[in-house]
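**Student:** So here's data38.tsv, just TSV, C-alpha atoms:
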chain	number	residue	atom	x	y	z
A	20	MET	CA	-43.71	-9.27	85.37
A	21	THR	CA	-44.76	-12.91	85.28
A	22	SER	CA	-47.11	-13.97	88.07
A	23	THR	CA	-46.65	-17.51	89.44
A	24	ALA	CA	-49.45	-17.44	92.04
A	25	ASN	CA	-52.57	-19.23	90.83
A	26	PRO	CA	-52.24	-18.42	87.12
A	27	ILE	CA	-55.49	-18.23	85.18
A	28	ARG	CA	-55.67	-21.27	82.89
A	29	VAL	CA	-56.73	-20.19	79.41
A	30	LEU	CA	-57.70	-22.42	76.50
A	31	LEU	CA	-56.99	-20.40	73.34
A	32	VAL	CA	-58.86	-21.78	70.33
A	33	ASP	CA	-57.93	-20.20	67.00
A	34	ASP	CA	-56.91	-21.73	63.68
A	35	GLU	CA	-54.53	-18.83	62.93
A	36	PRO	CA	-51.03	-19.53	64.30
A	37	ALA	CA	-50.21	-15.80	64.16
A	38	ILE	CA	-53.06	-14.98	66.58
A	39	ARG	CA	-52.03	-17.71	69.00
A	40	ARG	CA	-48.40	-16.62	68.80
A	41	ALA	CA	-49.30	-12.96	69.38
A	42	LEU	CA	-51.24	-13.86	72.53
A	43	ARG	CA	-48.99	-16.55	74.00
A	44	THR	CA	-46.06	-14.53	75.36
A	45	PRO	CA	-47.84	-11.40	76.64
A	46	LEU	CA	-50.55	-13.44	78.37
A	47	SER	CA	-47.86	-15.53	80.03
A	48	GLU	CA	-46.14	-12.35	81.23
A	49	MET	CA	-49.48	-11.17	82.66
A	50	GLY	CA	-49.87	-14.33	84.73
A	51	PHE	CA	-51.96	-16.55	82.45
A	52	HIS	CA	-51.17	-20.17	81.64
A	53	THR	CA	-52.17	-20.77	78.02
A	54	THR	CA	-53.05	-24.03	76.28
A	55	GLU	CA	-53.70	-23.85	72.53
A	56	ALA	CA	-56.05	-25.58	70.14
A	57	SER	CA	-56.44	-24.95	66.40
A	58	ARG	CA	-59.84	-26.66	65.94
A	59	GLY	CA	-63.10	-26.91	67.83
A	60	GLU	CA	-62.85	-30.69	68.00
A	61	GLU	CA	-59.49	-30.38	69.75
A	62	ALA	CA	-60.87	-27.79	72.17
A	63	LEU	CA	-63.78	-30.03	73.12
A	64	HIS	CA	-61.40	-32.91	73.88
A	65	LEU	CA	-59.14	-30.66	76.00
A	66	VAL	CA	-62.05	-29.30	78.07
A	67	GLN	CA	-63.20	-32.85	78.78
A	68	THR	CA	-59.74	-33.99	79.89
A	69	GLN	CA	-58.18	-30.90	81.52
A	70	THR	CA	-59.25	-28.03	83.79
A	71	PHE	CA	-59.48	-24.46	82.49
A	72	ASP	CA	-60.63	-21.18	84.02
A	73	VAL	CA	-61.63	-19.51	80.74
A	74	VAL	CA	-61.83	-20.21	76.99
A	75	LEU	CA	-60.94	-17.71	74.28
A	76	LEU	CA	-62.70	-19.03	71.18
A	77	ASP	CA	-62.52	-17.76	67.59
A	78	VAL	CA	-65.86	-17.51	65.79
A	79	ASN	CA	-64.55	-18.28	62.29
A	80	MET	CA	-62.76	-21.62	62.16
A	81	PRO	CA	-62.76	-24.55	59.74
A	82	GLY	CA	-64.17	-27.88	60.87
A	83	MET	CA	-66.69	-27.68	63.69
A	84	GLY	CA	-66.67	-23.87	63.64
A	85	GLY	CA	-66.82	-21.41	66.53
A	86	MET	CA	-70.57	-21.37	67.12
A	87	LYS	CA	-70.98	-25.14	67.14
A	88	THR	CA	-67.92	-25.44	69.36
A	89	LEU	CA	-69.47	-22.91	71.75
A	90	THR	CA	-72.68	-24.95	71.95
A	91	ARG	CA	-70.80	-28.20	72.55
A	92	LEU	CA	-68.52	-26.64	75.17
A	93	ARG	CA	-71.47	-25.09	76.97
A	94	ALA	CA	-73.13	-28.52	77.12
A	95	VAL	CA	-70.14	-30.19	78.80
A	96	ALA	CA	-69.00	-27.22	80.91
A	97	PRO	CA	-72.02	-25.02	81.75
A	98	ARG	CA	-70.16	-22.66	84.10
A	99	LEU	CA	-66.88	-22.32	82.19
A	100	PRO	CA	-66.43	-18.70	81.00
A	101	ILE	CA	-66.21	-18.54	77.20
A	102	LEU	CA	-65.21	-15.38	75.33
A	103	MET	CA	-65.60	-15.21	71.55
A	104	LEU	CA	-63.09	-13.61	69.20
A	105	THR	CA	-65.12	-11.83	66.50
A	106	VAL	CA	-64.47	-9.49	63.58
A	107	VAL	CA	-65.33	-5.78	63.55
A	108	ASP	CA	-68.38	-6.07	61.28
A	109	GLY	CA	-69.67	-9.32	62.78
A	110	GLU	CA	-72.62	-7.89	64.71
A	111	GLU	CA	-74.89	-10.85	63.94
A	112	GLU	CA	-72.17	-13.24	65.10
A	113	LYS	CA	-71.76	-11.32	68.36
A	114	VAL	CA	-75.48	-11.46	69.09
A	115	GLU	CA	-75.68	-15.15	68.16
A	116	ALA	CA	-72.68	-15.94	70.37
A	117	LEU	CA	-74.07	-14.10	73.39
A	118	GLU	CA	-77.49	-15.69	73.03
A	119	SER	CA	-75.90	-19.12	72.58
A	120	GLY	CA	-74.14	-18.87	75.93
A	121	ALA	CA	-70.92	-16.89	75.40
A	122	ASP	CA	-69.98	-14.76	78.40
A	123	ASP	CA	-68.51	-11.96	76.30
A	124	TYR	CA	-66.86	-11.16	72.98
A	125	ILE	CA	-63.65	-9.44	71.94
A	126	THR	CA	-63.42	-7.76	68.54
A	127	LYS	CA	-60.38	-8.22	66.31
A	128	PRO	CA	-58.08	-6.33	66.23
A	129	PHE	CA	-57.90	-5.99	70.00
A	130	SER	CA	-55.38	-4.91	72.62
A	131	ILE	CA	-53.79	-7.60	74.77
A	132	ARG	CA	-54.62	-5.58	77.90
A	133	GLU	CA	-58.31	-5.43	76.97
A	134	CYS	CA	-58.31	-9.15	76.25
A	135	ALA	CA	-56.66	-9.92	79.61
A	136	ALA	CA	-59.06	-7.61	81.48
A	137	ARG	CA	-62.12	-9.20	79.88
A	138	MET	CA	-60.89	-12.70	80.73
A	139	ARG	CA	-60.09	-11.78	84.34
A	140	SER	CA	-63.52	-10.19	84.68
A	141	ALA	CA	-65.25	-13.31	83.32
A	142	VAL	CA	-63.26	-15.59	85.64
A	143	ARG	CA	-63.99	-13.35	88.63
A	144	ARG	CA	-67.74	-13.47	87.92
A	145	ALA	CA	-67.70	-17.25	87.46
A	146	GLN	CA	-65.82	-17.82	90.72
A	147	ALA	CA	-67.80	-15.33	92.81
A	148	PRO	CA	-70.07	-16.84	95.49
A	149	GLU	CA	-73.73	-16.89	94.58
A	150	ARG	CA	-75.31	-13.56	95.46
A	151	ASN	CA	-78.33	-13.24	97.74
A	152	GLU	CA	-80.97	-11.85	95.38
A	153	ASP	CA	-82.51	-9.81	98.21
A	154	ALA	CA	-79.22	-8.17	99.22
A	155	PRO	CA	-78.53	-4.54	98.18
A	156	LEU	CA	-76.35	-4.23	95.10
A	157	SER	CA	-73.87	-1.35	94.72
A	158	ILE	CA	-71.75	-0.41	91.70
A	159	GLY	CA	-69.94	2.90	91.90
A	160	GLU	CA	-72.40	5.52	93.15
A	161	ILE	CA	-75.47	3.46	92.19
A	162	GLN	CA	-77.21	1.26	94.74
A	163	VAL	CA	-80.28	-0.94	94.24
A	164	VAL	CA	-82.29	-2.33	97.16
A	165	PRO	CA	-84.32	-5.20	95.63
A	166	THR	CA	-86.60	-5.82	98.61
A	167	ARG	CA	-87.93	-2.26	98.31
A	168	ARG	CA	-87.26	-1.68	94.57
A	169	VAL	CA	-85.36	1.45	95.63
A	170	VAL	CA	-82.47	3.03	93.70
A	171	ASN	CA	-80.02	5.50	95.25
A	172	LYS	CA	-77.21	7.52	93.74
A	173	SER	CA	-74.57	8.75	96.20
A	174	GLY	CA	-77.08	8.02	98.97
A	175	LEU	CA	-79.90	10.05	97.43
A	176	PRO	CA	-83.06	8.36	96.09
A	177	ILE	CA	-83.76	8.28	92.35
A	178	HIS	CA	-87.32	7.85	91.15
A	179	LEU	CA	-87.56	5.22	88.42
A	180	THR	CA	-90.59	3.81	86.67
A	181	ARG	CA	-91.24	0.10	87.07
A	182	LYS	CA	-89.67	-0.78	83.71
A	183	GLU	CA	-86.70	1.54	84.22
A	184	TYR	CA	-86.03	-0.25	87.49
A	185	ASP	CA	-86.35	-3.67	85.83
A	186	ILE	CA	-83.86	-2.69	83.10
A	187	LEU	CA	-81.40	-1.27	85.61
A	188	TYR	CA	-81.66	-4.25	87.97
A	189	TYR	CA	-81.18	-6.80	85.20
A	190	LEU	CA	-78.12	-5.01	83.82
A	191	MET	CA	-76.58	-4.47	87.25
A	192	THR	CA	-76.99	-8.14	88.17
A	193	HIS	CA	-75.13	-8.92	84.91
A	194	ALA	CA	-72.56	-6.14	85.32
A	195	GLY	CA	-69.57	-6.37	83.02
A	196	ARG	CA	-71.43	-8.56	80.52
A	197	ALA	CA	-72.86	-7.53	77.17
A	198	VAL	CA	-76.62	-8.14	77.25
A	199	THR	CA	-78.26	-8.30	73.84
A	200	TYR	CA	-81.29	-6.16	73.00
A	201	GLY	CA	-83.36	-9.32	72.54
A	202	LYS	CA	-82.38	-10.83	75.87
A	203	LEU	CA	-83.05	-7.61	77.77
A	204	LEU	CA	-86.41	-7.05	76.06
A	205	THR	CA	-87.46	-10.63	76.73
A	206	SER	CA	-86.40	-10.45	80.38
A	207	VAL	CA	-88.20	-7.17	81.09
A	208	TRP	CA	-91.23	-7.26	78.76
A	209	GLY	CA	-91.50	-10.86	77.56
A	210	PRO	CA	-90.84	-12.67	74.27
A	211	ASP	CA	-93.49	-10.73	72.32
A	212	TYR	CA	-91.31	-7.60	72.65
A	213	ARG	CA	-88.05	-9.24	71.52
A	214	GLN	CA	-87.79	-7.13	68.34
A	215	GLU	CA	-88.82	-3.79	69.87
A	216	VAL	CA	-85.32	-2.28	69.98
A	217	ASP	CA	-86.46	1.32	69.45
A	218	TYR	CA	-88.86	0.89	72.36
A	219	LEU	CA	-85.98	-0.23	74.57
A	220	ARG	CA	-83.75	2.65	73.43
A	221	THR	CA	-86.38	5.14	74.58
A	222	PHE	CA	-86.38	3.67	78.08
A	223	VAL	CA	-82.58	3.56	78.20
A	224	ARG	CA	-82.33	7.24	77.22
A	225	GLN	CA	-84.68	8.14	80.08
A	226	LEU	CA	-82.80	5.90	82.49
A	227	ARG	CA	-79.47	7.51	81.59
A	228	LYS	CA	-80.91	10.95	82.33
A	229	LYS	CA	-81.63	9.77	85.86
A	230	ILE	CA	-78.48	7.81	86.76
A	231	GLU	CA	-75.69	9.40	84.72
A	232	ASP	CA	-73.87	12.68	85.47
A	233	ASP	CA	-73.64	13.25	81.70
A	234	PRO	CA	-76.14	11.10	79.73
A	235	SER	CA	-74.31	11.89	76.48
A	236	ALA	CA	-71.12	10.29	77.87
A	237	PRO	CA	-72.38	7.51	80.15
A	238	LYS	CA	-70.03	5.82	82.58
A	239	TYR	CA	-72.47	3.22	83.88
A	240	LEU	CA	-75.02	2.23	81.24
A	241	LEU	CA	-72.88	1.57	78.17
A	242	THR	CA	-73.87	0.76	74.60
A	243	ASP	CA	-72.31	-2.19	72.82
A	244	ALA	CA	-72.86	-0.99	69.25
A	245	TYR	CA	-75.46	-3.02	67.31
A	246	VAL	CA	-75.48	-5.68	70.05
A	247	GLY	CA	-77.03	-4.38	73.28
A	248	TYR	CA	-76.07	-2.81	76.60
A	249	ARG	CA	-73.50	-3.42	79.32
A	250	PHE	CA	-73.47	-2.07	82.87
A	251	ALA	CA	-69.93	-1.05	83.83
A	252	GLU	CA	-68.16	-3.20	86.40
A	253	LEU	CA	-66.83	-0.76	89.01
A	254	PRO	CA	-65.53	-0.94	92.55
A	255	ALA	CA	-67.58	1.31	94.85
A	256	GLY	CA	-66.58	4.95	94.57
A	257	SER	CA	-64.18	4.42	91.68
A	258	ASP	CA	-63.84	6.49	88.55
A	259	ILE	CA	-63.48	4.96	85.13
A	260	SER	CA	-62.07	5.79	81.75
A	261	LEU	CA	-64.15	4.51	78.86
A	262	SER	CA	-62.85	3.22	75.56
A	263	GLU	CA	-64.17	4.88	72.41
A	264	GLU	CA	-66.18	1.72	71.71
A	265	HIS	CA	-68.30	2.36	74.79
A	266	ARG	CA	-68.26	6.18	74.82
A	267	MET	CA	-71.34	6.34	72.61
A	268	GLY	CA	-73.93	8.62	74.17
A	269	SER	CA	-76.82	7.58	71.98
A	270	ALA	CA	-78.77	4.47	72.85
Go ahead and render the structure in this file as structure tokens.
**Tutor:**
Amino acid sequence: MTSTANPIRVLLVDDEPAIRRALRTPLSEMGFHTTEASRGEEALHLVQTQTFDVVLLDVNMPGMGGMKTLTRLRAVAPRLPILMLTVVDGEEEKVEALESGADDYITKPFSIRECAARMRSAVRRAQAPERNEDAPLSIGEIQVVPTRRVVNKSGLPIHLTRKEYDILYYLMTHAGRAVTYGKLLTSVWGPDYRQEVDYLRTFVRQLRKKIEDDPSAPKYLLTDAYVGYRFAELPAGSDISLSEEHRMGSA
């Protein structure tokens, strides 16, 4: 059913007409209003002259290219959610996109429902009122109380080390977003640890043992393969069904 109430305004930037065509009708039926661009230069002009809620941007395009377009868009619209369309084996592109300011990425081929869900999530985060950093933060059964550095699960305290807490807090305050290994290491340990991915994996394995019902099939602390980690975005008390992409138990 087509929704007419406050449609989400999407700028779809892809040089492949088939991709734009495949997205146009189903997104419209899901309540999105889509404007299309085939080049980065065109996208930059549209963002400067029109209002959009989210941009879906292909990484591999002729002309300005996806990464340069991302950088230019981020300069003129710092808070505009931008999601990158990447290829399956483009791990380096995904990391570069996230660290250059992309809010998320979607891997081709993708389902329209996943694409729509990711865009809605990015728009919701961008439009949410600024959170009080001292206020308790709850996602599902997990609650963090920043003023006391306390973590509870279903109301019961969980003992975390200082670094485990820092990892958990950073990921929860960025819930729903893919956080690269480098960004997480830099935020928790500092820039000198940016390459210490195995070090981070050890901490994440220990953290999963403490917060997950089944650490081998995590529902909160998810792995984005070859990229980093993502804390699941959940309403309090909800259950979730994970895609195979995020059902990886190993860190």
**Student:** Atom CA of A:Ser119 and atom CA of A:Thr105, how far apart in Å?
**Tutor:**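 These atoms are spaced 14.4 Å apart.
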**Student:** Near A:Ala135, within 9 Å and counting all atoms listed in the file, which residues show up once chain neighbours fewer than 4 positions away are dropped, as a compact mmCIF listing (two decimals) with C-alpha atoms, keeping the file's coordinate frame?
**Tutor:**
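Contents of selection34.txt, freshly written:
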# COMPACT_ATOMS: atom_id res chain seq x y z
CA LEU A 46 -50.55 -13.44 78.37
CA MET A 49 -49.48 -11.17 82.66
CA PHE A 51 -51.96 -16.55 82.45
CA SER A 130 -55.38 -4.91 72.62
CA ILE A 131 -53.79 -7.60 74.77
CA ARG A 139 -60.09 -11.78 84.34
CA SER A 140 -63.52 -10.19 84.68
**Student:** Using atom CA of A:Leu75 and atom CA of A:Gly159 as the two end points, give the distance in Å to one decimal.
**Tutor:**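 For atom CA of A:Leu75 relative to atom CA of A:Gly159, the distance reads 28.6 Å.
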**Student:** Mind giving me the straight-line distance from atom CA of A:Glu55 to atom CA of A:Gly82 in Å, one decimal?
**Tutor:**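 Atom CA of A:Glu55 sits 16.2 Å away from atom CA of A:Gly82.
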**Student:** Identify, on the basis of all atoms listed in the file, every residue whose closest approach to A:Val32 does not exceed 9 Å; exclude the query and any residue fewer than 2 positions from it along the same chain; express the result as a tab-separated table (two decimals) with C-alpha atoms, in the coordinates of the input.
**Tutor:**
chain	number	residue	atom	x	y	z
A	30	LEU	CA	-57.70	-22.42	76.50
A	34	ASP	CA	-56.91	-21.73	63.68
A	39	ARG	CA	-52.03	-17.71	69.00
A	54	THR	CA	-53.05	-24.03	76.28
A	55	GLU	CA	-53.70	-23.85	72.53
A	56	ALA	CA	-56.05	-25.58	70.14
A	57	SER	CA	-56.44	-24.95	66.40
A	58	ARG	CA	-59.84	-26.66	65.94
A	59	GLY	CA	-63.10	-26.91	67.83
A	61	GLU	CA	-59.49	-30.38	69.75
A	62	ALA	CA	-60.87	-27.79	72.17
A	74	VAL	CA	-61.83	-20.21	76.99
A	75	LEU	CA	-60.94	-17.71	74.28
A	76	LEU	CA	-62.70	-19.03	71.18
A	77	ASP	CA	-62.52	-17.76	67.59
A	85	GLY	CA	-66.82	-21.41	66.53
**Student:** Which of these residues is nearest to A:Lys113, using only C-alpha atoms: A:Tyr248, A:Glu133, A:Thr199, A:Pro45?
**Tutor:** A:Thr199
**Student:** From (-77.4, -2.0, 82.0), in the file's coordinates, out to 8 Å: which residues are reached, counting all atoms listed in the file? Answer as a PyMOL selection string.
**Tutor:** chain A and resi 186-191+193-194+198+239-241+248-251
**Student:** Of the candidates A:Val142, A:Ile230, A:Leu156, A:Pro81, which shows the shortest atom-to-atom distance to A:Lys172, using all atoms listed in the file?
**Tutor:**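 So, comparing all the options, the nearest one is A:Ile230.
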**Student:** So, counting all atoms listed in the file, which residue among A:Thr88, A:Gln69, A:Thr126, A:Thr53 is closest to A:Asp243?
**Tutor:** A:Thr126
